[in-house]
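Q: File name entry_16.cif; file contents mmCIF, C-alpha atoms and all ligand atoms; full text below.
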data_entry
loop_
_atom_site.label_atom_id
_atom_site.label_comp_id
_atom_site.auth_asym_id
_atom_site.auth_seq_id
_atom_site.Cartn_x
_atom_site.Cartn_y
_atom_site.Cartn_z
CA MET A 17 57.12 -96.80 6.89
CA LYS A 18 54.56 -99.43 5.92
CA LYS A 19 52.09 -98.02 8.41
CA PHE A 20 52.57 -94.54 7.13
CA LEU A 21 51.84 -95.82 3.63
CA ILE A 22 48.55 -97.20 4.88
CA HIS A 23 47.78 -93.84 6.41
CA TRP A 24 48.72 -92.22 3.15
CA CYS A 25 46.50 -94.59 1.20
CA LEU A 26 43.54 -93.58 3.35
CA ILE A 27 44.15 -89.94 2.49
CA ILE A 28 44.49 -90.74 -1.21
CA SER A 29 41.34 -92.86 -1.14
CA TYR A 30 39.45 -89.87 0.27
CA PHE A 31 40.51 -87.90 -2.77
CA SER A 32 39.57 -90.70 -5.14
CA ILE A 33 36.07 -90.58 -3.69
CA TYR A 34 36.03 -86.79 -4.09
CA PRO A 35 38.46 -86.32 -6.99
CA ASN A 36 37.23 -82.83 -7.81
CA LEU A 37 38.45 -81.69 -4.41
CA LEU A 38 42.05 -82.58 -5.08
CA PHE A 39 43.88 -79.24 -4.97
CA ALA A 40 41.01 -77.50 -6.68
CA GLN A 41 42.15 -74.20 -5.14
CA SER A 42 42.90 -71.72 -7.90
CA GLU A 43 45.01 -68.63 -7.58
CA ASP A 44 41.91 -66.56 -8.33
CA THR A 45 40.44 -67.58 -5.01
CA VAL A 46 43.34 -66.59 -2.77
CA ASP A 47 41.98 -66.13 0.71
CA ARG A 48 43.76 -63.71 2.98
CA ILE A 49 42.18 -64.83 6.20
CA THR A 50 44.44 -65.36 9.17
CA GLU A 51 44.71 -68.44 11.35
CA ASP A 52 46.66 -69.85 14.28
CA SER A 53 48.57 -72.22 12.07
CA ALA A 54 51.76 -72.55 10.07
CA VAL A 55 53.71 -75.29 8.33
CA ILE A 56 57.46 -75.75 8.82
CA ILE A 57 59.28 -77.90 6.28
CA MET A 58 62.66 -79.57 6.72
CA TYR A 59 65.20 -80.85 4.23
CA HIS A 60 68.73 -82.22 4.57
CA ARG A 61 70.42 -83.02 1.23
CA PHE A 62 69.75 -82.11 -2.40
CA GLY A 63 70.68 -84.27 -5.37
CA GLU A 64 72.72 -86.74 -3.27
CA ARG A 65 71.26 -89.98 -4.53
CA SER A 66 73.37 -92.23 -2.32
CA PHE A 67 71.55 -90.92 0.80
CA PRO A 68 67.86 -91.54 -0.03
CA ASN A 69 66.69 -91.20 3.58
CA THR A 70 67.84 -87.60 3.85
CA ASN A 71 67.87 -86.52 0.22
CA VAL A 72 65.43 -84.93 -2.21
CA THR A 73 66.23 -85.02 -5.91
CA LEU A 74 66.89 -81.81 -7.82
CA ASP A 75 63.74 -82.47 -9.83
CA GLN A 76 61.75 -82.73 -6.58
CA ILE A 77 63.13 -79.51 -5.08
CA ASP A 78 62.52 -77.68 -8.36
CA LYS A 79 58.88 -78.79 -8.24
CA HIS A 80 58.56 -77.84 -4.56
CA LEU A 81 59.96 -74.36 -5.18
CA ALA A 82 57.71 -73.83 -8.20
CA GLU A 83 54.71 -74.72 -6.03
CA LEU A 84 55.86 -72.50 -3.14
CA SER A 85 56.25 -69.60 -5.57
CA LYS A 86 52.49 -69.49 -6.19
CA ASP A 87 50.61 -66.54 -4.71
CA ILE A 88 48.38 -68.65 -2.49
CA TYR A 89 51.30 -69.36 -0.13
CA ASN A 90 52.84 -66.96 2.35
CA ILE A 91 56.50 -68.01 2.60
CA VAL A 92 58.29 -66.34 5.51
CA PRO A 93 61.51 -66.69 7.52
CA LEU A 94 61.12 -69.23 10.33
CA ARG A 95 61.49 -66.43 12.88
CA THR A 96 58.32 -64.75 11.61
CA ILE A 97 56.34 -67.86 12.43
CA THR A 98 57.83 -68.43 15.87
CA GLU A 99 57.37 -64.78 16.84
CA ALA A 100 53.71 -64.96 15.85
CA LEU A 101 53.18 -68.24 17.73
CA LYS A 102 54.90 -66.88 20.84
CA ASN A 103 52.74 -63.77 20.81
CA GLY A 104 49.50 -65.57 19.98
CA ARG A 105 49.27 -63.60 16.74
CA GLU A 106 47.53 -65.21 13.79
CA LEU A 107 49.28 -65.64 10.45
CA PRO A 108 47.92 -65.38 6.91
CA SER A 109 46.56 -68.74 5.81
CA ARG A 110 49.09 -71.10 4.26
CA THR A 111 52.08 -69.53 6.00
CA ILE A 112 55.15 -71.71 5.49
CA ALA A 113 58.83 -71.64 6.50
CA ILE A 114 61.68 -73.77 5.20
CA THR A 115 64.49 -75.28 7.29
CA ILE A 116 67.52 -77.28 6.19
CA ASP A 117 69.50 -79.34 8.71
CA ASP A 118 73.14 -80.32 9.18
CA GLY A 119 74.98 -78.12 6.66
CA TYR A 120 75.72 -80.44 3.75
CA LEU A 121 77.70 -79.17 0.76
CA SER A 122 74.73 -79.90 -1.51
CA VAL A 123 72.89 -77.02 0.21
CA TYR A 124 75.58 -74.65 -1.02
CA GLN A 125 75.88 -76.25 -4.44
CA HIS A 126 72.28 -77.01 -5.32
CA ALA A 127 69.75 -75.57 -2.86
CA TRP A 128 71.00 -72.04 -2.22
CA PRO A 129 71.10 -70.99 -5.91
CA ARG A 130 67.57 -72.34 -6.37
CA PHE A 131 66.19 -70.69 -3.23
CA LYS A 132 67.84 -67.40 -4.25
CA ALA A 133 66.33 -67.58 -7.72
CA ALA A 134 62.91 -68.18 -6.17
CA ASN A 135 63.52 -65.50 -3.48
CA ILE A 136 62.51 -67.98 -0.77
CA PRO A 137 64.09 -67.66 2.70
CA PHE A 138 65.36 -70.62 4.71
CA THR A 139 66.96 -71.42 8.04
CA LEU A 140 70.06 -73.60 8.15
CA PHE A 141 70.63 -75.62 11.33
CA ILE A 142 74.35 -76.37 11.65
CA SER A 143 76.11 -79.06 13.70
CA THR A 144 79.55 -77.58 14.26
CA ALA A 145 81.60 -80.80 14.46
CA SER A 146 80.93 -81.89 10.89
CA VAL A 147 82.05 -78.48 9.59
CA ASN A 148 85.22 -78.55 11.69
CA ASP A 149 85.97 -82.10 10.51
CA GLN A 150 86.13 -80.83 6.92
CA ASN A 151 83.93 -83.72 5.88
CA GLU A 152 83.92 -83.59 2.08
CA ARG A 153 80.13 -83.66 2.01
CA SER A 154 79.79 -80.77 4.49
CA MET A 155 80.12 -77.07 3.88
CA THR A 156 83.18 -75.18 5.05
CA TRP A 157 82.93 -72.23 7.42
CA ASP A 158 83.75 -69.94 4.48
CA GLN A 159 80.72 -71.28 2.63
CA ILE A 160 78.50 -71.01 5.73
CA ARG A 161 79.63 -67.41 6.24
CA GLU A 162 78.75 -66.70 2.62
CA LEU A 163 75.28 -68.15 3.16
CA ALA A 164 74.86 -66.32 6.47
CA SER A 165 75.50 -63.00 4.72
CA ASP A 166 72.49 -63.58 2.45
CA PRO A 167 69.39 -61.85 3.90
CA LEU A 168 67.36 -64.89 2.84
CA VAL A 169 69.37 -67.18 5.16
CA ASP A 170 69.21 -67.50 8.94
CA ILE A 171 71.59 -69.78 10.87
CA GLY A 172 70.34 -72.07 13.64
CA HIS A 173 72.03 -74.19 16.31
CA HIS A 174 72.06 -78.00 15.95
CA GLY A 175 74.59 -78.92 18.67
CA HIS A 176 78.20 -79.91 18.12
CA THR A 177 78.41 -83.68 17.58
CA HIS A 178 74.82 -84.30 16.37
CA ALA A 179 74.40 -86.58 19.37
CA HIS A 180 71.41 -88.52 20.68
CA MET A 181 71.04 -85.91 23.40
CA THR A 182 68.19 -87.51 25.32
CA GLN A 183 70.55 -90.34 26.16
CA MET A 184 73.34 -88.12 27.45
CA SER A 185 73.74 -86.84 30.99
CA SER A 186 72.57 -83.25 31.48
CA ALA A 187 76.19 -82.16 31.90
CA ASP A 188 77.29 -83.86 28.67
CA ALA A 189 74.34 -82.46 26.69
CA LEU A 190 75.11 -78.97 27.92
CA ALA A 191 78.83 -79.40 27.20
CA ASP A 192 78.03 -80.42 23.61
CA ILE A 193 75.90 -77.28 23.16
CA GLU A 194 78.46 -75.01 24.76
CA LEU A 195 81.29 -76.32 22.63
CA ALA A 196 79.17 -75.46 19.59
CA ASP A 197 78.52 -72.01 21.15
CA LYS A 198 82.27 -71.34 21.26
CA ILE A 199 82.76 -72.45 17.66
CA PHE A 200 79.80 -70.40 16.38
CA ASN A 201 81.20 -67.37 18.18
CA ARG A 202 84.64 -67.88 16.67
CA GLU A 203 83.42 -68.60 13.13
CA LEU A 204 80.33 -66.40 12.81
CA GLY A 205 80.74 -63.89 15.62
CA TYR A 206 77.49 -64.91 17.33
CA VAL A 207 75.66 -67.91 18.76
CA PRO A 208 72.42 -68.78 16.93
CA ASP A 209 69.39 -68.34 19.20
CA ILE A 210 67.18 -70.99 17.61
CA PHE A 211 67.78 -74.71 18.09
CA ALA A 212 66.88 -77.95 16.33
CA TYR A 213 67.22 -81.22 18.26
CA PRO A 214 69.53 -83.68 16.47
CA TYR A 215 67.38 -86.53 15.04
CA GLY A 216 64.39 -84.55 16.34
CA GLU A 217 64.89 -86.35 19.68
CA TYR A 218 63.88 -84.45 22.80
CA SER A 219 62.54 -85.20 26.24
CA ASN A 220 61.08 -83.17 29.07
CA GLU A 221 64.43 -83.50 30.85
CA LEU A 222 66.37 -82.25 27.83
CA THR A 223 64.12 -79.23 27.31
CA ALA A 224 64.67 -78.40 31.01
CA VAL A 225 68.45 -78.69 30.56
CA LEU A 226 68.30 -76.30 27.60
CA ALA A 227 65.97 -73.81 29.31
CA PRO A 228 68.83 -71.58 30.57
CA LYS A 229 70.00 -71.13 26.97
CA ASN A 230 66.82 -69.11 26.36
CA TYR A 231 66.40 -70.16 22.76
CA HIS A 232 63.88 -68.11 20.86
CA ALA A 233 62.33 -71.42 19.84
CA ALA A 234 63.37 -75.04 19.34
CA TYR A 235 62.26 -77.56 16.76
CA GLY A 236 61.67 -81.28 16.60
CA GLN A 237 61.11 -83.44 13.56
CA TYR A 238 57.58 -84.80 13.42
CA SER A 239 54.66 -84.20 11.11
CA SER A 240 52.17 -81.62 12.31
CA ALA A 241 51.03 -78.14 11.48
CA ALA A 242 52.31 -75.73 14.17
CA SER A 243 50.13 -73.48 16.31
CA SER A 244 50.40 -71.29 19.40
CA THR A 245 49.05 -74.06 21.61
CA ARG A 246 52.10 -76.24 20.92
CA ASP A 247 55.22 -75.93 23.10
CA ILE A 248 57.50 -73.28 21.55
CA LYS A 249 60.51 -75.41 22.62
CA THR A 250 59.42 -78.49 20.66
CA LEU A 251 57.74 -77.26 17.49
CA PRO A 252 56.96 -79.70 14.68
CA ARG A 253 58.57 -79.86 11.25
CA PHE A 254 57.52 -81.97 8.26
CA ALA A 255 60.57 -83.85 6.91
CA PHE A 256 60.94 -84.61 3.24
CA ASN A 257 63.09 -87.28 1.65
CA LYS A 258 63.14 -88.82 -1.80
CA ASN A 259 60.48 -91.44 -1.05
CA TYR A 260 58.02 -88.97 0.48
CA ALA A 261 58.63 -85.85 -1.58
CA ASP A 262 56.30 -86.27 -4.56
CA LEU A 263 54.35 -83.17 -5.45
CA ASP A 264 50.94 -84.46 -4.34
CA ARG A 265 52.19 -85.21 -0.83
CA PHE A 266 54.07 -81.90 -0.77
CA LYS A 267 50.93 -79.96 -1.70
CA LEU A 268 48.83 -81.79 0.85
CA ILE A 269 51.33 -80.96 3.59
CA ILE A 270 51.93 -77.31 2.77
CA ASN A 271 48.18 -76.77 2.58
CA SER A 272 47.56 -78.50 5.92
CA LYS A 273 46.47 -76.52 8.96
CA ALA A 274 46.58 -76.95 12.71
CA LEU A 275 43.58 -78.28 14.59
CA PRO A 276 42.62 -75.66 17.20
CA ILE A 277 43.33 -77.79 20.26
CA LYS A 278 44.40 -77.43 23.88
CA ASP A 279 45.02 -79.60 26.93
CA ILE A 280 47.18 -82.10 25.07
CA LEU A 281 48.18 -85.19 27.04
CA PRO A 282 50.69 -86.60 27.66
CA ARG A 283 52.80 -83.47 28.07
CA GLY A 284 55.90 -84.81 26.35
CA PRO A 285 57.25 -87.62 24.20
CA ASN A 286 58.57 -89.67 27.14
CA LEU A 287 56.73 -92.96 27.45
CA GLU A 288 56.07 -92.98 31.18
CA ASN A 289 53.11 -95.17 30.34
CA ASN A 290 53.45 -97.43 27.33
CA PRO A 291 51.17 -97.39 25.49
CA PRO A 292 50.38 -93.80 26.48
CA ALA A 293 46.86 -92.39 26.84
CA VAL A 294 46.73 -89.51 24.36
CA GLY A 295 44.04 -86.87 24.46
CA PHE A 296 43.27 -83.31 23.45
CA THR A 297 40.37 -80.89 23.46
CA VAL A 298 39.31 -79.26 20.23
CA SER A 299 38.76 -75.67 21.24
CA GLU A 300 36.39 -74.48 18.55
CA ASP A 301 33.41 -75.92 16.79
CA ILE A 302 35.02 -77.87 14.02
CA ASN A 303 32.75 -79.55 11.53
CA GLY A 304 33.41 -83.14 10.74
CA LEU A 305 35.34 -84.08 13.88
CA GLY A 306 33.86 -87.56 13.53
CA ALA A 307 36.08 -88.06 10.48
CA ILE A 308 39.34 -87.71 12.41
CA GLY A 309 41.72 -90.61 11.92
CA CYS A 310 44.75 -91.18 14.16
CA PHE A 311 47.58 -93.35 12.89
CA PRO A 312 50.48 -94.44 15.09
CA SER A 313 53.67 -95.41 13.29
CA HIS A 314 53.98 -98.71 15.19
CA MET A 315 50.59 -100.19 14.28
CA SER A 316 49.19 -101.37 10.99
CA GLU A 317 45.75 -99.91 11.64
CA ALA A 318 44.27 -96.71 13.00
CA ALA A 319 44.25 -96.15 16.75
CA LYS A 320 40.96 -96.21 18.64
CA VAL A 321 39.47 -92.71 18.80
CA ILE A 322 36.98 -91.99 21.59
CA ARG A 323 34.88 -88.81 21.65
CA VAL A 324 34.22 -87.53 25.16
CA GLY A 325 31.45 -84.96 24.97
CA ASP A 326 31.56 -82.77 21.88
CA ASN A 327 35.16 -81.67 21.88
CA ARG A 328 37.46 -84.06 23.75
CA ILE A 329 39.31 -86.66 21.71
CA GLU A 330 40.93 -89.60 23.50
CA ILE A 331 43.23 -91.93 21.56
CA ARG A 332 44.08 -95.44 22.68
CA PHE A 333 46.60 -97.96 21.30
CA ASP A 334 46.33 -101.74 21.44
CA GLN A 335 50.10 -102.18 21.36
CA PRO A 336 52.92 -100.52 23.29
CA PHE A 337 55.46 -98.49 21.34
CA PRO A 338 58.53 -100.67 20.67
CA ASN A 339 62.10 -99.34 20.93
CA GLY A 340 62.80 -96.46 18.60
CA ARG A 341 61.36 -93.15 17.43
CA HIS A 342 57.62 -93.12 16.77
CA ARG A 343 54.93 -90.79 15.56
CA LEU A 344 51.22 -90.30 15.94
CA ASN A 345 49.45 -88.54 13.07
CA CYS A 346 45.84 -87.40 13.37
CA THR A 347 44.30 -85.97 10.23
CA MET A 348 40.86 -85.02 8.98
CA PRO A 349 39.50 -83.12 6.00
CA GLY A 350 38.87 -79.43 6.65
CA PRO A 351 37.45 -76.49 4.72
CA ASP A 352 38.89 -75.24 1.42
CA ASN A 353 40.11 -78.74 0.52
CA ARG A 354 42.74 -78.52 3.22
CA TRP A 355 43.57 -81.13 5.86
CA TYR A 356 43.82 -80.58 9.57
CA TRP A 357 47.02 -82.26 10.74
CA PHE A 358 47.96 -82.85 14.36
CA GLY A 359 51.01 -84.96 15.20
CA MET A 360 53.06 -85.97 18.23
CA PRO A 361 56.35 -87.87 18.55
CA PHE A 362 57.00 -90.66 21.07
CA PHE A 363 60.45 -91.92 21.94
CA ASN A 364 61.30 -95.28 23.46
CA LEU A 365 65.06 -94.92 23.37
CA GLY A 366 66.12 -96.38 26.70
CA ASP A 367 68.14 -94.42 29.24
ZN ZN A 401 70.46 -83.17 11.94
#
Output the file's structure as structure tokens, nothing else.
A:
Amino acid sequence: MKKFLIHWCLIISYFSIYPNLLFAQSEDTVDRITEDSAVIIMYHRFGERSFPNTNVTLDQIDKHLAELSKDIYNIVPLRTITEALKNGRELPSRTIAITIDDGYLSVYQHAWPRFKAANIPFTLFISTASVNDQNERSMTWDQIRELASDPLVDIGHHGHTHAHMTQMSSADALADIELADKIFNRELGYVPDIFAYPYGEYSNELTAVLAPKNYHAAYGQYSSAASSTRDIKTLPRFAFNKNYADLDRFKLIINSKALPIKDILPRGPNLENNPPAVGFTVSEDINGLGAIGCFPSHMSEAAKVIRVGDNRIEIRFDQPFPNGRHRLNCTMPGPDNRWYWFGMPFFNLGD
């Protein structure tokens, strides 16, 4: 967290040098250009103050929805974004989708009425065990069915037990998914065809195990704008909780755009080499590439960025990633006062 704050401070200090650039976009200058980029947001709980790591306050969500309701944003169902990314089709600039994980009661009580009033669609990723357990903080199947009947709401698959699936055997991971399949079929009459990894944890092995399920797309939980060059089975989502949900950060994120990159290494979040050698090629002429800053969550300073030729970026870390879930965030200022944002997760979770 401390490292992210440092990263954050660097972004803020850029804006204090150029204060007139801070969200100077007015609704009179709506651009309707298209781009290979979209932002996917994730929430968990609303107005549940005793869970600050997964909660946003009602005041925060009200402010987020008021911002999203402005004409400059193109808010769409998640499926619209993944279909475009899969087909290499560009999206209007500032295209955004909302996701909400786990199925807490506060979604039904607090979020759904607000999203309905704002006419903003969202996708709800449900872990079936917590619903079956009749946990008092979770929705019931009756409530989920009510939500599912709203055209604004799509239901996604989040496994049964919300397990750390990368640490399970292939057979156990598949059994967890297939138990959820049965319950979804019984309770909703269908099995959702989009998947979100519990805790955002995935591995190359896990994505291979899930391949026969033929999900339309699957989502992790790491900060990055999404684009067609990212793996459709491990798409990024920006998570918001109380401590990182203020309106300035929210605006910066929903206005961010994907760097046009290809040939990303390493090819997954597994740490076969630790520290890993990260690299990618920027596929178009992007002005200001020299200003890119890459911030790993396990170090207190920026990683070393090496330019190879005009368009290859190589990133090196002085320190290996310790045990746990980690992130790399590369950002740089782009046109129209927007930030390019490329991120990758790394997991050192043991076997
Ligand atoms: Zn979850």
Q: Could I get the residue neighbourhood of ligand ZN 401 (chain A) at 6 Å, counting only C-alpha atoms and all ligand atoms, as a ChimeraX atom specification?
A: /A:117-118,214-215
Q: Quick one: distance from atom CA of A:Pro208 to atom CA of A:Gly172 in Å, one decimal?
A: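 Here the two named atoms are 5.1 Å from each other.
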Q: Could you name the residues that touch A:His174 at 7 Å or less, counting only C-alpha atoms, but leaving out those on the same chain fewer than 5 positions away, as a list of chain:residue names?
A: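 The contact residues come out as A:Phe141, A:Ile142, A:Ser143, A:Phe211, A:Ala212, A:Tyr213, A:Pro214.
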Q: Find the distance between atom CA of A:Ile199 and atom CA of A:Pro228 and write it in Å to one decimal.
A: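 Rounded to one decimal, the two atoms are 19.0 Å apart.
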Q: Would you please work out which residue, of A:Ala319, A:Cys310, A:Leu268, A:Ile160, is nearest to A:Trp355 when using all atoms listed in the file?
A: A:Leu268
Q: May I ask for the distance between atom CA of A:Gly359 and atom CA of A:Ala189, given in Å to one decimal place?
A: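 Going from atom CA of A:Gly359 over to atom CA of A:Ala189 covers 26.1 Å.
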Q: Hey, what's within 9 Å of stretch 271-284 of chain A if we count all atoms listed in the file and toss same-chain stuff fewer than 4 positions away? As JSON, numbers by chain, please?
A: {"A": [51, 52, 53, 54, 55, 89, 109, 110, 111, 218, 219, 220, 240, 241, 242, 243, 245, 246, 266, 267, 292, 293, 294, 295, 296, 297, 298, 299, 300, 302, 347, 350, 353, 354, 355, 356, 357, 358, 360, 361, 362]}
Q: So, with all atoms listed in the file as the atoms that count, which of A:Ala196, A:Ile329, A:Ile270, A:Tyr238 lies closest to A:Asn90?
A: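 Using all atoms listed in the file, the shortest distance to A:Asn90 belongs to A:Ile270.
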Q: So which residues touch A:Leu195 within 12 Å, counting all atoms listed in the file, skipping near sequence neighbours fewer than 3 positions away, as a count of residues only?
A: 20
Q: Calculated over all atoms listed in the file, which of the candidates A:Arg153, A:Gly236, A:Val225, A:Thr98 has the smallest distance to A:Ser66?
A: A:Arg153
Q: Choose the residue, out of A:Gly104, A:Gly119, A:Ala234, A:Leu226, that has the smallest atom-to-atom separation from A:His178; count all atoms listed in the file.
A: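 Checking each of A:Gly104, A:Gly119, A:Ala234, A:Leu226 against A:His178, counting all atoms listed in the file, the winner is A:Gly119.
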Q: Which residue, A:Ala227, A:Asn259, A:Asp352, A:Arg161, has the smallest gap to A:Ile49 when you use only C-alpha atoms?
A: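 Between A:Ala227, A:Asn259, A:Asp352, A:Arg161, the residue approaching A:Ile49 most closely is A:Asp352.
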Q: Go through A:Asp262, A:Glu106, A:Glu83, A:Asp170 one by one, measure the shortest atom-to-atom distance of each to A:Ala134 using only C-alpha atoms, and give the residue with the smallest value.
A: A:Glu83
Q: Taking 5 positions as the minimum chain separation for residues in the same chain, which residues sit within 9 Å of A:His314 when counting only C-alpha atoms? Answer as an MDAnalysis selection string.
A: chainID A and resid 19 335:338 342:344
Q: Could you work out an axis-aligned box for stretch 217-227 of chain A, taking every atom the file lists and adding 6 Å on each side, and report centre and edge lengths in Å to one decimal, as lines of an AutoDock Vina configuration file?
A:
center_x = 64.8
center_y = -80.1
center_z = 25.3
size_x = 19.4
size_y = 24.5
size_z = 23.3
